[in-house]
Amino acid sequence: MRFDILTILPGMFDGPFRESIIKRAIDRGLIEIGIHNIRDFATDRHRSTDDYPYGGGAGMVMLSGPIFAAAEHAIAEADALRPHPRRSIILTTPQGRLLNQRIVEELATLDHLVIVCGHYEGVDERVQEHLATDEISIGDYVLTGGEIPAMVIVDAVSRLVPGVVGQPASLAEESLTSGLLEYPHYTRPAEFRGWTVPEILLSGNHAAIARWRRQQALRRTWERRPDLLATAPLTPADRRFLEELRAESAPRSMAPSASRVTDGDAER
Ligand code: ADE
């Protein structure tokens, strides 16, 4: 998998790609990352990358010329190494499709991601219309620029490149790959400040542990992200367990009870 990032702030990428899993993936030749300074493709003597908006208004707009030139350069350079038949040119923008694990998986099937880091009020519309093949937002909030979104995309996609993350099992089980949030994890000690690890995890009963973990994942998802349950693949046992959760939380019968007498008219 090759990534080429087009940015006006190349220095921002010095840290994140020189540490840990991404660094190791680069060193092992599993992924390649090219960083390109859009300013190097500016054509005026000030090396401008932005200009005032036609029609007036606040802020600056990124020029299309240097972005097209940088993208064409990055693509030619990448294809000189080997052809990349499955390429996407992504513009990072809060207006893009909202990134999730399904989209990450889709991007991981490609072999070349060119990521244009947007800035200022925006990017000349001709970049969206005639260069970008995809637009991605990493969340419904506005950042100062597209560099951090580019890092997020590279990180999330790289993890799915075979060999980048140690154990494929950890990928299969983790949050969201299964369509659910993950079950809770514990490691030693078995008791910490009086808080103990759930007994079942110490039992050695693998089937019971697997069932407990699945139910914890279902419970967490139901409590925190019920929207995910609509699309998660669920077994009949999962559905029965969710029914139990719903029944547990459903309001009890409306008959007056000792605990209800304190509210409303019953007091008067
Ligand atoms: N640029 C600014 N904010 C962004 C966001 N949330 N996602 C992608 N690109 C952005």
# chains A, B, ... in the order shown; residues from 1 in each chain; ligands from 1
call {"tool": "select_by_dssp", "arguments": {"residues": "stretch 46-136 of chain A", "states": "alpha helix (DSSP H)", "output": "ChimeraX atom specification"}}
result
/A:64-81,101-107,125-130
call {"tool": "residues_around", "arguments": {"residues": "stretch 200-210 of chain A", "least_positions_apart": "5", "cutoff": "12 Å", "atoms": "only C-alpha atoms", "output": "list in words"}}
result
Glu173, Tyr183, Pro184, His185, Tyr186, Thr187, Arg188, Pro189, Ala190, Glu191, Gln215, Gln216 and Ala217 of chain A
call {"tool": "closest_residue", "arguments": {"among": "A:Gly122, A:Pro236, A:Pro85, A:Pro149", "to": "ligand 1", "atoms": "only C-alpha atoms and all ligand atoms"}}
result
A:Pro149
call {"tool": "residues_near_ligand", "arguments": {"ligand": "ligand 1", "cutoff": "6 Å", "atoms": "only C-alpha atoms and all ligand atoms", "output": "PyMOL selection string"}}
result
chain A and resi 92-94+136-146+149
call {"tool": "write_last_selection", "arguments": {"atoms": "all heavy atoms", "output": "short mmCIF file (atom, residue, chain, number, x, y, z; two decimals), in the first residue's frame"}}
result
data_model
loop_
_atom_site.label_atom_id
_atom_site.label_comp_id
_atom_site.auth_asym_id
_atom_site.auth_seq_id
_atom_site.Cartn_x
_atom_site.Cartn_y
_atom_site.Cartn_z
N THR A 92 -9.41 15.73 2.11
CA THR A 92 -9.92 15.78 3.49
C THR A 92 -10.72 17.06 3.65
O THR A 92 -10.24 18.14 3.39
CB THR A 92 -8.76 15.76 4.50
OG1 THR A 92 -7.90 16.87 4.25
CG2 THR A 92 -7.97 14.47 4.41
N THR A 93 -11.96 16.88 4.07
CA THR A 93 -12.85 18.03 4.23
C THR A 93 -14.00 17.66 5.16
O THR A 93 -14.47 16.51 5.12
CB THR A 93 -13.43 18.49 2.87
OG1 THR A 93 -14.58 19.30 3.09
CG2 THR A 93 -13.85 17.31 1.98
N PRO A 94 -14.45 18.61 5.99
CA PRO A 94 -15.60 18.30 6.85
C PRO A 94 -16.86 17.98 6.05
O PRO A 94 -17.84 17.47 6.59
CB PRO A 94 -15.80 19.58 7.68
CG PRO A 94 -14.62 20.44 7.42
CD PRO A 94 -13.93 19.96 6.19
N ILE A 136 -13.30 12.87 2.34
CA ILE A 136 -13.47 12.22 3.64
C ILE A 136 -13.40 13.21 4.77
O ILE A 136 -12.52 14.08 4.81
CB ILE A 136 -12.43 11.09 3.80
CG1 ILE A 136 -12.81 9.99 2.81
CG2 ILE A 136 -12.35 10.60 5.25
CD1 ILE A 136 -12.41 8.63 3.11
N SER A 137 -14.34 13.06 5.70
CA SER A 137 -14.34 13.81 6.95
C SER A 137 -14.06 12.81 8.06
O SER A 137 -14.53 11.67 8.01
CB SER A 137 -15.71 14.45 7.18
OG SER A 137 -15.84 14.84 8.53
N ILE A 138 -13.30 13.23 9.08
CA ILE A 138 -13.06 12.29 10.19
C ILE A 138 -14.02 12.56 11.36
O ILE A 138 -13.93 11.90 12.38
CB ILE A 138 -11.60 12.29 10.67
CG1 ILE A 138 -11.18 13.64 11.24
CG2 ILE A 138 -10.69 11.84 9.55
CD1 ILE A 138 -9.95 13.53 12.14
N GLY A 139 -14.93 13.50 11.21
CA GLY A 139 -15.89 13.72 12.29
C GLY A 139 -16.59 15.06 12.10
O GLY A 139 -16.11 15.92 11.36
N ASP A 140 -17.70 15.21 12.79
CA ASP A 140 -18.49 16.44 12.64
C ASP A 140 -17.96 17.54 13.54
O ASP A 140 -18.62 17.93 14.51
CB ASP A 140 -19.97 16.14 12.92
CG ASP A 140 -20.60 15.34 11.80
OD1 ASP A 140 -20.07 15.41 10.66
OD2 ASP A 140 -21.59 14.65 12.05
N TYR A 141 -16.75 17.96 13.25
CA TYR A 141 -16.12 19.09 13.93
C TYR A 141 -15.12 19.65 12.93
O TYR A 141 -14.76 18.96 11.96
CB TYR A 141 -15.40 18.66 15.22
CG TYR A 141 -14.69 17.35 15.07
CD1 TYR A 141 -13.44 17.31 14.43
CD2 TYR A 141 -15.25 16.16 15.50
CE1 TYR A 141 -12.80 16.09 14.26
CE2 TYR A 141 -14.61 14.95 15.32
CZ TYR A 141 -13.38 14.93 14.70
OH TYR A 141 -12.75 13.73 14.52
N VAL A 142 -14.68 20.88 13.15
CA VAL A 142 -13.81 21.50 12.16
C VAL A 142 -12.40 21.65 12.73
O VAL A 142 -12.22 22.24 13.80
CB VAL A 142 -14.36 22.87 11.72
CG1 VAL A 142 -13.45 23.49 10.66
CG2 VAL A 142 -15.78 22.70 11.17
N LEU A 143 -11.43 21.09 12.04
CA LEU A 143 -10.03 21.18 12.43
C LEU A 143 -9.36 22.32 11.69
O LEU A 143 -9.94 22.90 10.77
CB LEU A 143 -9.34 19.86 12.09
CG LEU A 143 -9.92 18.63 12.81
CD1 LEU A 143 -9.42 17.35 12.17
CD2 LEU A 143 -9.58 18.67 14.28
N THR A 144 -8.13 22.62 12.08
CA THR A 144 -7.42 23.74 11.43
C THR A 144 -6.94 23.35 10.03
O THR A 144 -6.57 24.22 9.24
CB THR A 144 -6.22 24.18 12.27
OG1 THR A 144 -5.39 23.04 12.51
CG2 THR A 144 -6.68 24.76 13.61
N GLY A 145 -6.90 22.06 9.74
CA GLY A 145 -6.45 21.65 8.41
C GLY A 145 -6.60 20.15 8.25
O GLY A 145 -6.98 19.45 9.19
N GLY A 146 -6.28 19.67 7.07
CA GLY A 146 -6.50 18.26 6.76
C GLY A 146 -5.35 17.34 7.13
O GLY A 146 -5.41 16.15 6.81
N PRO A 149 -6.53 14.66 9.82
CA PRO A 149 -7.34 13.66 9.12
C PRO A 149 -6.50 12.74 8.22
O PRO A 149 -6.75 11.52 8.17
CB PRO A 149 -8.33 14.51 8.31
CG PRO A 149 -8.49 15.75 9.13
CD PRO A 149 -7.13 16.01 9.73
#
call {"tool": "atom_distance", "arguments": {"atom1": "atom CA of A:Ile103", "atom2": "atom CA of A:Ile148"}}
result
17.3 Å
call {"tool": "closest_residue", "arguments": {"among": "A:Leu131, A:Asn37, A:Glu72, A:Thr177", "to": "A:Arg159", "atoms": "only C-alpha atoms"}}
result
A:Thr177
call {"tool": "atom_distance", "arguments": {"atom1": "atom CA of A:Glu147", "atom2": "atom CA of A:Ile35"}}
result
10.9 Å
call {"tool": "atom_distance", "arguments": {"atom1": "atom CA of A:Gly65", "atom2": "atom CA of A:His36"}}
result
14.5 Å
call {"tool": "closest_residue", "arguments": {"among": "A:Ala74, A:Leu99, A:Met12, A:Tyr120", "to": "A:Pro53", "atoms": "only C-alpha atoms"}}
result
A:Tyr120
call {"tool": "residues_around", "arguments": {"residues": "A:Gly29", "least_positions_apart": "6", "cutoff": "12 Å", "atoms": "only C-alpha atoms", "output": "ChimeraX atom specification"}}
result
/A:1-2,22-23,158,161-164
call {"tool": "write_last_selection", "arguments": {"atoms": "all heavy atoms", "output": "PDB file, in the first residue's frame"}}
result
ATOM      1  N   MET A   1       0.851  -1.191   0.000  1.00  0.00           N
ATOM      2  CA  MET A   1       0.000   0.000   0.000  1.00  0.00           C
ATOM      3  C   MET A   1       0.891   1.247   0.000  1.00  0.00           C
ATOM      4  O   MET A   1       1.818   1.341   0.793  1.00  0.00           O
ATOM      5  CB  MET A   1      -0.893  -0.028   1.243  1.00  0.00           C
ATOM      6  CG  MET A   1      -1.617   1.257   1.533  1.00  0.00           C
ATOM      7  SD  MET A   1      -2.894   1.682   0.338  1.00  0.00           S
ATOM      8  CE  MET A   1      -4.237   0.653   0.874  1.00  0.00           C
ATOM      9  N   ARG A   2       0.598   2.150  -0.913  1.00  0.00           N
ATOM     10  CA  ARG A   2       1.353   3.405  -0.941  1.00  0.00           C
ATOM     11  C   ARG A   2       0.427   4.580  -0.628  1.00  0.00           C
ATOM     12  O   ARG A   2      -0.718   4.624  -1.085  1.00  0.00           O
ATOM     13  CB  ARG A   2       1.991   3.593  -2.317  1.00  0.00           C
ATOM     14  CG  ARG A   2       2.850   4.855  -2.359  1.00  0.00           C
ATOM     15  CD  ARG A   2       3.636   5.090  -3.622  1.00  0.00           C
ATOM     16  NE  ARG A   2       4.266   6.406  -3.503  1.00  0.00           N
ATOM     17  CZ  ARG A   2       5.469   6.620  -3.011  1.00  0.00           C
ATOM     18  NH1 ARG A   2       6.214   5.619  -2.632  1.00  0.00           N
ATOM     19  NH2 ARG A   2       5.931   7.862  -2.903  1.00  0.00           N
ATOM     20  N   ILE A  22       3.563   2.231  12.636  1.00  0.00           N
ATOM     21  CA  ILE A  22       3.674   2.794  11.286  1.00  0.00           C
ATOM     22  C   ILE A  22       5.145   2.822  10.850  1.00  0.00           C
ATOM     23  O   ILE A  22       5.483   2.461   9.719  1.00  0.00           O
ATOM     24  CB  ILE A  22       3.045   4.210  11.228  1.00  0.00           C
ATOM     25  CG1 ILE A  22       1.555   4.161  11.580  1.00  0.00           C
ATOM     26  CG2 ILE A  22       3.257   4.851   9.857  1.00  0.00           C
ATOM     27  CD1 ILE A  22       0.683   3.345  10.646  1.00  0.00           C
ATOM     28  N   LYS A  23       6.016   3.212  11.748  1.00  0.00           N
ATOM     29  CA  LYS A  23       7.454   3.229  11.427  1.00  0.00           C
ATOM     30  C   LYS A  23       7.924   1.821  11.052  1.00  0.00           C
ATOM     31  O   LYS A  23       8.626   1.625  10.059  1.00  0.00           O
ATOM     32  CB  LYS A  23       8.250   3.747  12.613  1.00  0.00           C
ATOM     33  CG  LYS A  23       9.758   3.671  12.399  1.00  0.00           C
ATOM     34  CD  LYS A  23      10.513   4.065  13.649  1.00  0.00           C
ATOM     35  CE  LYS A  23      12.019   4.089  13.473  1.00  0.00           C
ATOM     36  NZ  LYS A  23      12.606   3.165  12.566  1.00  0.00           N
ATOM     37  N   SER A 158      -3.473   1.522   7.358  1.00  0.00           N
ATOM     38  CA  SER A 158      -2.233   0.743   7.465  1.00  0.00           C
ATOM     39  C   SER A 158      -2.423  -0.478   8.359  1.00  0.00           C
ATOM     40  O   SER A 158      -1.874  -1.547   8.101  1.00  0.00           O
ATOM     41  CB  SER A 158      -1.098   1.596   8.038  1.00  0.00           C
ATOM     42  OG  SER A 158      -0.777   2.620   7.131  1.00  0.00           O
ATOM     43  N   VAL A 161      -3.352  -3.510   6.517  1.00  0.00           N
ATOM     44  CA  VAL A 161      -2.441  -4.095   5.523  1.00  0.00           C
ATOM     45  C   VAL A 161      -1.824  -5.343   6.148  1.00  0.00           C
ATOM     46  O   VAL A 161      -1.316  -5.281   7.267  1.00  0.00           O
ATOM     47  CB  VAL A 161      -1.357  -3.063   5.122  1.00  0.00           C
ATOM     48  CG1 VAL A 161      -0.288  -3.710   4.256  1.00  0.00           C
ATOM     49  CG2 VAL A 161      -2.000  -1.867   4.416  1.00  0.00           C
ATOM     50  N   PRO A 162      -1.907  -6.481   5.456  1.00  0.00           N
ATOM     51  CA  PRO A 162      -1.419  -7.731   6.055  1.00  0.00           C
ATOM     52  C   PRO A 162       0.021  -7.590   6.568  1.00  0.00           C
ATOM     53  O   PRO A 162       0.881  -7.075   5.881  1.00  0.00           O
ATOM     54  CB  PRO A 162      -1.494  -8.729   4.890  1.00  0.00           C
ATOM     55  CG  PRO A 162      -2.567  -8.187   4.004  1.00  0.00           C
ATOM     56  CD  PRO A 162      -2.483  -6.683   4.113  1.00  0.00           C
ATOM     57  N   GLY A 163       0.218  -8.033   7.807  1.00  0.00           N
ATOM     58  CA  GLY A 163       1.549  -8.012   8.415  1.00  0.00           C
ATOM     59  C   GLY A 163       1.838  -6.806   9.274  1.00  0.00           C
ATOM     60  O   GLY A 163       2.766  -6.807  10.072  1.00  0.00           O
ATOM     61  N   VAL A 164       1.044  -5.738   9.120  1.00  0.00           N
ATOM     62  CA  VAL A 164       1.345  -4.496   9.861  1.00  0.00           C
ATOM     63  C   VAL A 164       1.043  -4.663  11.352  1.00  0.00           C
ATOM     64  O   VAL A 164       1.842  -4.278  12.206  1.00  0.00           O
ATOM     65  CB  VAL A 164       0.584  -3.285   9.270  1.00  0.00           C
ATOM     66  CG1 VAL A 164       0.692  -2.066  10.176  1.00  0.00           C
ATOM     67  CG2 VAL A 164       1.129  -2.963   7.878  1.00  0.00           C
TER      68      VAL A 164
END
call {"tool": "closest_residue", "arguments": {"among": "A:His119, A:Arg102, A:Arg252, A:His73", "to": "A:Asp40", "atoms": "only C-alpha atoms"}}
result
A:His73
call {"tool": "residues_around", "arguments": {"residues": "A:Ala78", "least_positions_apart": "6", "cutoff": "9 Å", "atoms": "only C-alpha atoms", "output": "number ranges by chain"}}
result
A: 2, 4, 34, 84, 112
call {"tool": "write_last_selection", "arguments": {"atoms": "N, CA and C atoms", "output": "JSON list (two decimals), in the first residue's frame"}}
result
[["chain", "number", "residue", "atom", "x", "y", "z"],
["A", 2, "ARG", "N", 0.60, 2.15, -0.91],
["A", 2, "ARG", "CA", 1.35, 3.40, -0.94],
["A", 2, "ARG", "C", 0.43, 4.58, -0.63],
["A", 4, "ASP", "N", 0.46, 8.86, -0.64],
["A", 4, "ASP", "CA", 1.14, 10.12, -0.93],
["A", 4, "ASP", "C", 0.29, 11.24, -0.37],
["A", 34, "GLY", "N", 4.78, 8.90, 0.97],
["A", 34, "GLY", "CA", 5.46, 10.06, 0.39],
["A", 34, "GLY", "C", 4.78, 11.33, 0.89],
["A", 84, "HIS", "N", -0.01, 1.32, -10.20],
["A", 84, "HIS", "CA", -1.00, 1.28, -9.10],
["A", 84, "HIS", "C", -2.39, 1.33, -9.71],
["A", 112, "HIS", "N", -3.12, 2.54, -3.75],
["A", 112, "HIS", "CA", -2.49, 3.87, -3.70],
["A", 112, "HIS", "C", -3.52, 4.91, -3.24]]
call {"tool": "closest_residue", "arguments": {"among": "A:Ile38, A:Leu98, A:Leu181, A:Val116", "to": "A:Asp50", "atoms": "only C-alpha atoms"}}
result
A:Ile38
call {"tool": "select_by_dssp", "arguments": {"residues": "stretch 114-262 of chain A", "states": "strand (DSSP E or B)", "output": "PyMOL selection string"}}
result
chain A and resi 114-117+119+122-123+134-137+145+191-192+195-196
call {"tool": "write_last_selection", "arguments": {"atoms": "N, CA and C atoms", "output": "PDB file, in the first residue's frame"}}
result
ATOM      1  N   VAL A 114      -3.796   8.846  -2.529  1.00  0.00           N
ATOM      2  CA  VAL A 114      -3.207  10.189  -2.591  1.00  0.00           C
ATOM      3  C   VAL A 114      -4.126  11.062  -1.751  1.00  0.00           C
ATOM      4  N   ILE A 115      -3.596  11.689  -0.719  1.00  0.00           N
ATOM      5  CA  ILE A 115      -4.449  12.443   0.203  1.00  0.00           C
ATOM      6  C   ILE A 115      -4.096  13.921   0.124  1.00  0.00           C
ATOM      7  N   VAL A 116      -5.083  14.724  -0.233  1.00  0.00           N
ATOM      8  CA  VAL A 116      -4.897  16.174  -0.330  1.00  0.00           C
ATOM      9  C   VAL A 116      -5.394  16.790   0.976  1.00  0.00           C
ATOM     10  N   CYS A 117      -4.509  17.458   1.695  1.00  0.00           N
ATOM     11  CA  CYS A 117      -4.888  18.067   2.974  1.00  0.00           C
ATOM     12  C   CYS A 117      -5.453  19.462   2.720  1.00  0.00           C
ATOM     13  N   HIS A 119      -7.241  23.164   3.500  1.00  0.00           N
ATOM     14  CA  HIS A 119      -6.949  24.232   4.477  1.00  0.00           C
ATOM     15  C   HIS A 119      -7.827  25.446   4.255  1.00  0.00           C
ATOM     16  N   GLY A 122     -11.316  26.682   2.407  1.00  0.00           N
ATOM     17  CA  GLY A 122     -11.598  25.554   1.525  1.00  0.00           C
ATOM     18  C   GLY A 122     -10.609  25.478   0.383  1.00  0.00           C
ATOM     19  N   VAL A 123     -10.943  24.625  -0.547  1.00  0.00           N
ATOM     20  CA  VAL A 123     -10.079  24.323  -1.678  1.00  0.00           C
ATOM     21  C   VAL A 123     -10.876  24.684  -2.926  1.00  0.00           C
ATOM     22  N   ASP A 134     -12.607  11.023  -4.061  1.00  0.00           N
ATOM     23  CA  ASP A 134     -13.286  10.750  -2.793  1.00  0.00           C
ATOM     24  C   ASP A 134     -13.067  11.966  -1.886  1.00  0.00           C
ATOM     25  N   GLU A 135     -14.010  12.197  -0.979  1.00  0.00           N
ATOM     26  CA  GLU A 135     -13.855  13.263   0.019  1.00  0.00           C
ATOM     27  C   GLU A 135     -14.182  12.642   1.360  1.00  0.00           C
ATOM     28  N   ILE A 136     -13.298  12.872   2.340  1.00  0.00           N
ATOM     29  CA  ILE A 136     -13.473  12.217   3.638  1.00  0.00           C
ATOM     30  C   ILE A 136     -13.397  13.214   4.769  1.00  0.00           C
ATOM     31  N   SER A 137     -14.339  13.063   5.697  1.00  0.00           N
ATOM     32  CA  SER A 137     -14.339  13.810   6.954  1.00  0.00           C
ATOM     33  C   SER A 137     -14.058  12.811   8.062  1.00  0.00           C
ATOM     34  N   GLY A 145      -6.897  22.060   9.738  1.00  0.00           N
ATOM     35  CA  GLY A 145      -6.454  21.649   8.412  1.00  0.00           C
ATOM     36  C   GLY A 145      -6.603  20.154   8.248  1.00  0.00           C
ATOM     37  N   GLU A 191      -6.101  -8.612  41.590  1.00  0.00           N
ATOM     38  CA  GLU A 191      -6.766  -7.620  42.446  1.00  0.00           C
ATOM     39  C   GLU A 191      -5.900  -6.371  42.490  1.00  0.00           C
ATOM     40  N   PHE A 192      -6.490  -5.211  42.213  1.00  0.00           N
ATOM     41  CA  PHE A 192      -5.779  -3.934  42.221  1.00  0.00           C
ATOM     42  C   PHE A 192      -6.603  -2.950  43.048  1.00  0.00           C
ATOM     43  N   TRP A 195     -10.067  -3.821  43.673  1.00  0.00           N
ATOM     44  CA  TRP A 195     -10.939  -4.087  42.513  1.00  0.00           C
ATOM     45  C   TRP A 195     -10.467  -5.383  41.856  1.00  0.00           C
ATOM     46  N   THR A 196     -11.382  -6.317  41.745  1.00  0.00           N
ATOM     47  CA  THR A 196     -10.974  -7.635  41.257  1.00  0.00           C
ATOM     48  C   THR A 196     -11.367  -7.842  39.795  1.00  0.00           C
TER      49      THR A 196
END
call {"tool": "closest_residue", "arguments": {"among": "A:Arg239, A:Arg211, A:Arg126, A:Arg220", "to": "A:Glu182", "atoms": "only C-alpha atoms"}}
result
A:Arg220
